[in-house]
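Colleague: Sharing entry-v2.tsv below, TSV, C-alpha atoms:
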```
chain	number	residue	atom	x	y	z
M	197	MET	CA	-250.25	44.66	35.83
M	198	THR	CA	-249.51	47.01	32.92
M	199	LYS	CA	-246.48	46.55	30.69
M	200	ILE	CA	-244.90	49.63	32.30
M	201	GLU	CA	-245.44	48.31	35.84
M	202	GLU	CA	-244.12	44.92	34.81
M	203	LEU	CA	-240.95	46.42	33.37
M	204	ILE	CA	-240.41	48.65	36.40
M	205	LYS	CA	-240.65	45.55	38.59
M	206	GLN	CA	-238.09	43.74	36.41
M	207	TYR	CA	-235.64	46.64	36.57
M	208	GLU	CA	-236.22	46.98	40.31
M	209	GLU	CA	-235.29	43.34	40.81
M	210	TYR	CA	-232.29	43.72	38.55
M	211	ALA	CA	-231.13	46.76	40.54
M	212	GLN	CA	-231.54	44.98	43.88
M	213	LYS	CA	-229.64	41.91	42.68
M	214	ASN	CA	-226.79	44.10	41.50
M	215	GLY	CA	-226.38	46.31	44.55
M	216	PHE	CA	-227.98	49.52	43.33
M	217	ARG	CA	-231.58	50.77	43.13
M	218	LEU	CA	-234.09	52.42	40.86
M	219	ASN	CA	-234.31	56.19	40.87
M	220	PRO	CA	-236.64	57.13	43.77
M	221	GLY	CA	-238.51	59.55	41.48
M	222	LYS	CA	-241.51	57.48	40.35
M	223	GLY	CA	-242.36	59.89	37.53
M	224	ILE	CA	-238.78	59.82	36.25
M	225	VAL	CA	-238.74	56.01	36.20
M	226	GLU	CA	-242.12	55.81	34.48
M	227	ARG	CA	-241.07	58.22	31.75
M	228	LEU	CA	-237.81	56.38	31.15
M	229	VAL	CA	-239.58	53.04	30.98
M	230	LYS	CA	-242.08	54.52	28.49
M	231	GLY	CA	-239.09	55.61	26.44
M	232	LEU	CA	-237.62	52.11	26.59
M	233	LEU	CA	-240.90	50.63	25.39
M	234	GLU	CA	-241.15	53.26	22.69
M	235	ASN	CA	-237.67	52.33	21.47
M	236	GLU	CA	-238.63	48.67	21.55
M	237	LYS	CA	-241.58	49.49	19.28
M	238	LYS	CA	-239.50	51.67	16.96
M	239	TYR	CA	-236.16	49.85	16.88
M	240	GLY	CA	-236.89	46.35	18.17
M	241	ALA	CA	-235.07	46.49	21.51
M	242	ARG	CA	-235.20	48.48	24.75
M	243	TYR	CA	-232.47	50.94	23.87
M	244	CYS	CA	-231.56	53.65	26.36
M	245	PRO	CA	-233.66	56.76	25.59
M	246	CYS	CA	-230.61	58.95	26.26
M	247	ARG	CA	-228.44	57.52	23.50
M	248	ARG	CA	-228.57	57.91	19.75
M	249	ILE	CA	-229.75	54.80	17.98
M	250	ALA	CA	-227.66	54.20	14.89
M	251	ALA	CA	-230.09	51.63	13.45
M	252	ASN	CA	-227.17	49.20	13.26
M	253	LYS	CA	-227.80	46.19	15.50
M	254	GLU	CA	-224.14	45.52	16.20
M	255	GLU	CA	-223.37	49.13	17.06
M	256	ASP	CA	-226.55	49.57	19.09
M	257	ARG	CA	-226.38	46.35	21.15
M	258	PRO	CA	-224.43	47.95	24.06
M	259	LYS	CA	-227.18	50.59	24.36
M	260	ILE	CA	-229.86	48.07	25.34
M	261	CYS	CA	-230.96	48.82	28.91
M	262	PRO	CA	-229.26	47.97	31.24
M	263	CYS	CA	-226.57	49.37	28.97
M	264	GLN	CA	-222.91	48.45	28.79
M	265	TRP	CA	-221.85	51.53	30.78
M	266	HIS	CA	-224.38	51.63	33.62
M	267	ARG	CA	-222.19	50.04	36.31
M	268	GLU	CA	-219.24	52.36	35.87
M	269	GLU	CA	-221.56	55.38	35.57
M	270	ILE	CA	-223.34	54.49	38.82
M	271	GLU	CA	-220.01	54.04	40.52
M	272	LYS	CA	-218.56	57.27	39.16
M	273	ASP	CA	-221.56	59.63	39.10
M	274	GLY	CA	-224.00	58.00	41.52
M	275	HIS	CA	-226.44	57.23	38.70
M	276	CYS	CA	-226.45	55.81	35.20
M	277	PHE	CA	-226.36	58.47	32.48
M	278	CYS	CA	-230.11	58.40	31.95
M	279	GLY	CA	-230.91	58.28	35.67
M	280	LEU	CA	-232.84	55.00	35.80
M	281	PHE	CA	-230.44	53.35	38.23
M	282	VAL	CA	-228.87	55.11	41.19
M	283	ARG	CA	-226.28	54.25	43.83
M	284	PRO	CA	-227.78	52.82	47.03
M	285	CYS	CA	-228.17	55.24	49.99
A	172	MET	CA	-236.22	79.41	19.67
A	173	LEU	CA	-235.39	77.56	16.47
A	174	GLU	CA	-236.47	73.99	15.72
A	175	LEU	CA	-233.79	72.40	13.55
A	176	THR	CA	-234.10	69.26	11.46
A	177	ASP	CA	-231.97	67.48	8.86
A	178	GLU	CA	-233.62	69.75	6.27
A	179	ASN	CA	-232.93	73.19	7.73
A	180	PHE	CA	-229.94	72.65	10.04
A	181	GLU	CA	-227.07	73.69	7.77
A	182	LYS	CA	-228.95	76.64	6.31
A	183	GLU	CA	-229.84	78.06	9.74
A	184	ILE	CA	-226.44	77.40	11.28
A	185	GLN	CA	-224.47	78.83	8.36
A	186	GLY	CA	-226.69	81.85	7.92
A	187	ALA	CA	-226.89	82.88	11.57
A	188	ASP	CA	-225.75	86.36	12.56
A	189	LYS	CA	-225.30	85.31	16.20
A	190	PRO	CA	-223.87	82.16	17.78
A	191	ILE	CA	-226.45	79.35	18.03
A	192	LEU	CA	-226.73	77.22	21.13
A	193	VAL	CA	-227.99	73.85	19.92
A	194	ASP	CA	-229.70	71.44	22.30
A	195	PHE	CA	-229.79	67.87	20.95
A	196	TRP	CA	-232.62	66.06	22.75
A	197	ALA	CA	-235.33	63.40	22.54
A	198	GLN	CA	-238.82	63.10	23.93
A	199	TRP	CA	-238.19	60.24	26.37
A	200	CYS	CA	-234.82	61.37	27.69
A	201	MET	CA	-235.31	62.54	31.28
A	202	PRO	CA	-232.06	64.53	31.58
A	203	CYS	CA	-233.08	66.33	28.34
A	204	LEU	CA	-236.39	67.33	29.87
A	205	MET	CA	-234.62	68.64	32.94
A	206	LEU	CA	-232.09	70.62	30.94
A	207	GLY	CA	-234.53	72.13	28.41
A	208	PRO	CA	-236.14	74.77	30.67
A	209	ILE	CA	-232.73	75.72	32.10
A	210	LEU	CA	-231.36	76.37	28.61
A	211	GLU	CA	-234.45	78.38	27.69
A	212	LYS	CA	-234.01	80.56	30.77
A	213	VAL	CA	-230.30	81.06	30.17
A	214	ALA	CA	-230.83	81.74	26.44
A	215	GLY	CA	-233.43	84.36	27.41
A	216	GLU	CA	-230.83	86.14	29.51
A	217	TYR	CA	-228.27	85.96	26.70
A	218	LYS	CA	-230.68	86.75	23.88
A	219	ASP	CA	-228.51	89.61	22.58
A	220	LYS	CA	-225.55	87.27	22.28
A	221	LEU	CA	-226.98	83.97	21.07
A	222	THR	CA	-229.99	82.10	19.73
A	223	LEU	CA	-231.26	78.84	21.19
A	224	ALA	CA	-232.10	75.98	18.84
A	225	LYS	CA	-233.42	72.50	19.53
A	226	VAL	CA	-232.70	69.36	17.54
A	227	ASN	CA	-234.91	66.37	18.19
A	228	LEU	CA	-232.86	63.28	17.37
A	229	ASP	CA	-235.92	61.66	15.81
A	230	THR	CA	-236.23	64.40	13.20
A	231	ALA	CA	-232.53	64.91	12.61
A	232	PRO	CA	-230.79	61.51	12.41
A	233	GLN	CA	-228.26	62.65	9.80
A	234	ILE	CA	-227.22	65.81	11.63
A	235	SER	CA	-226.98	63.88	14.91
A	236	GLN	CA	-224.68	61.39	13.25
A	237	LYS	CA	-222.63	64.10	11.55
A	238	TYR	CA	-221.88	65.78	14.87
A	239	ARG	CA	-221.30	62.40	16.56
A	240	ILE	CA	-224.08	62.83	19.08
A	241	GLU	CA	-224.00	59.61	21.11
A	242	GLN	CA	-225.62	60.63	24.38
A	243	ILE	CA	-228.31	63.20	25.00
A	244	PRO	CA	-228.72	65.88	26.06
A	245	THR	CA	-225.73	67.20	24.16
A	246	VAL	CA	-225.36	70.96	23.85
A	247	ILE	CA	-223.11	72.55	21.23
A	248	LEU	CA	-222.43	76.22	20.64
A	249	PHE	CA	-222.00	77.07	16.95
A	250	LYS	CA	-220.36	80.27	15.83
A	251	GLU	CA	-220.08	81.27	12.17
A	252	GLY	CA	-221.33	77.82	11.22
A	253	LYS	CA	-218.76	75.91	13.26
A	254	PRO	CA	-219.06	74.07	16.58
A	255	ILE	CA	-216.83	75.88	19.09
A	256	SER	CA	-217.70	74.25	22.42
A	257	GLY	CA	-220.25	72.01	24.11
A	258	PHE	CA	-221.13	69.64	26.90
A	259	ILE	CA	-222.98	66.39	27.49
A	260	GLY	CA	-225.63	65.75	30.15
A	261	ALA	CA	-227.86	67.94	32.31
A	262	ARG	CA	-226.03	70.69	34.20
A	263	PRO	CA	-227.17	73.29	36.69
A	264	GLU	CA	-227.87	76.85	35.53
A	265	PRO	CA	-224.83	78.53	37.18
A	266	ILE	CA	-222.45	76.05	35.55
A	267	ILE	CA	-223.99	76.65	32.13
A	268	LYS	CA	-223.74	80.41	32.57
A	269	GLU	CA	-220.12	80.13	33.65
A	270	TRP	CA	-219.35	78.00	30.58
A	271	LEU	CA	-221.13	80.44	28.27
A	272	GLU	CA	-219.46	83.53	29.76
A	273	ASP	CA	-216.11	81.90	29.37
A	274	ILE	CA	-216.59	80.74	25.80
A	275	LEU	CA	-218.24	83.98	24.61
A	276	LYS	CA	-215.47	86.06	26.21
A	277	LYS	CA	-212.77	83.94	24.58
A	278	ASN	CA	-214.49	84.27	21.22
A	279	ASP	CA	-215.00	88.02	21.53
A	280	LYS	CA	-211.22	88.34	21.74
A	281	ASN	CA	-210.70	86.35	18.53
```
The structure given in the file should be rewritten as structure tokens.

Modeller:
Amino acid sequence: MTKIEELIKQYEEYAQKNGFRLNPGKGIVERLVKGLLENEKKYGARYCPCRRIAANKEEDRPKICPCQWHREEIEKDGHCFCGLFVRPC
Amino acid sequence: MLELTDENFEKEIQGADKPILVDFWAQWCMPCLMLGPILEKVAGEYKDKLTLAKVNLDTAPQISQKYRIEQIPTVILFKEGKPISGFIGARPEPIIKEWLEDILKKNDKN
């Protein structure tokens, strides 16, 4: 299993446990997960690819995926800001 | 379309003869990739009224911080060197056009 597949599986399980699901668009999920891994390489953690990284660990901690805001965003908009997690059907 | 970085941002924004529509984006941001082609299409239709510019957060960390860009995509319309309006997140083409019409009309009056 590749690192990308492994991470997708982890996020899928997380989504299921928490009552939402991964975006049904496989390509979208793969690209986002690549972005998370890229951020991990660059900044040391899987920061959301749709947020600015301030390079300040304290300030950036809430942006680690799943981010601090994902639950309320899913509830309000049907998906988290970046679109990795979506509301169940 | 202009590519703006920390080095050329102020110069291009201050020296522009038309409003500049700036798209703050990053390579791995899915909503950014969805919004990009929409903005290009819209900017093409409004080419007499504005110029489209793109700012990759990776090449413009200082400018992104200066304009308090927290989430991307963030789109800001600059006129005479100043930000006059903007929005956050991907939006459909008709909504963007409506926003632009409104803001350009308001600014024509001023």

Colleague: With a cut-off of 8 Å and counting all atoms listed in the file, select all residues of chain A in contact with chain M and give the selection as a ChimeraX atom specification.

Modeller: /A:197-202,228,235-236,240-244,260

Colleague: Considering only C-alpha atoms, state which residue in the set M:Ile200, M:Arg283, M:Leu218, M:Arg242 is at the smallest distance from Asp256 in chain M.

Modeller: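 Smallest separation from Asp256 in chain M among the options: M:Arg242.
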
Colleague: Mind pulling up the distance from CA of Leu175 in chain A to CA of Lys225 in chain A?

Modeller: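 Computing it gives 6.0 Å between the two atoms.
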
Colleague: Report the distance between CA of Phe216 in chain M and CA of Pro284 in chain M in Å, rounded to one decimal place.

Modeller: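 That distance, rounded to one decimal, is 5.0 Å.
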
Colleague: What does the structure give for the distance between CA of Thr176 in chain A and CA of Val226 in chain A, in Å to one decimal?

Modeller: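 It comes out at 6.2 Å.
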
Colleague: Name the closest residue to Glu216 in chain A among the candidates A:Ile274, A:Leu173, A:Ile267, A:Val246; distances are taken between atoms, counting only C-alpha atoms.

Modeller: A:Ile267

Colleague: Name the residues in contact with Glu269 in chain M at a cut-off of 10 Å, using only C-alpha atoms, excluding same-chain residues fewer than 3 positions from it; report them as an NGL selection string.

Modeller: :M and (264-266 or 272-279 or 281-283)

Colleague: N, CA and C atoms are what I want for range 233-247 of chain A; can you complete it accordingly and write them as a short mmCIF file (atom, residue, chain, number, x, y, z; two decimals), in the frame of the given file?

Modeller:
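The resulting file, out_32.cif, is reproduced below:
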```cif
data_model
loop_
_atom_site.label_atom_id
_atom_site.label_comp_id
_atom_site.auth_asym_id
_atom_site.auth_seq_id
_atom_site.Cartn_x
_atom_site.Cartn_y
_atom_site.Cartn_z
N GLN A 233 -229.52 62.43 10.55
CA GLN A 233 -228.26 62.65 9.80
C GLN A 233 -227.37 63.68 10.49
N ILE A 234 -227.99 64.76 10.94
CA ILE A 234 -227.22 65.81 11.63
C ILE A 234 -226.65 65.25 12.93
N SER A 235 -227.44 64.46 13.64
CA SER A 235 -226.98 63.88 14.91
C SER A 235 -225.78 62.98 14.67
N GLN A 236 -225.81 62.27 13.57
CA GLN A 236 -224.68 61.39 13.25
C GLN A 236 -223.47 62.23 12.83
N LYS A 237 -223.72 63.25 12.03
CA LYS A 237 -222.63 64.10 11.55
C LYS A 237 -221.84 64.71 12.72
N TYR A 238 -222.56 65.16 13.73
CA TYR A 238 -221.88 65.78 14.87
C TYR A 238 -221.57 64.77 15.98
N ARG A 239 -221.66 63.49 15.64
CA ARG A 239 -221.30 62.40 16.56
C ARG A 239 -222.01 62.50 17.91
N ILE A 240 -223.29 62.78 17.85
CA ILE A 240 -224.08 62.83 19.08
C ILE A 240 -224.33 61.38 19.49
N GLU A 241 -223.80 60.98 20.64
CA GLU A 241 -224.00 59.61 21.11
C GLU A 241 -224.94 59.58 22.31
N GLN A 242 -224.76 60.56 23.20
CA GLN A 242 -225.62 60.63 24.38
C GLN A 242 -226.38 61.95 24.33
N ILE A 243 -227.56 61.95 24.92
CA ILE A 243 -228.31 63.20 25.00
C ILE A 243 -228.77 63.44 26.44
N PRO A 244 -228.91 64.68 26.85
CA PRO A 244 -228.72 65.88 26.06
C PRO A 244 -227.25 66.16 25.75
N THR A 245 -227.02 66.64 24.52
CA THR A 245 -225.73 67.20 24.16
C THR A 245 -226.00 68.63 23.70
N VAL A 246 -225.19 69.55 24.21
CA VAL A 246 -225.36 70.96 23.85
C VAL A 246 -224.10 71.43 23.14
N ILE A 247 -224.27 72.05 21.98
CA ILE A 247 -223.11 72.55 21.23
C ILE A 247 -223.36 74.00 20.85
#
```
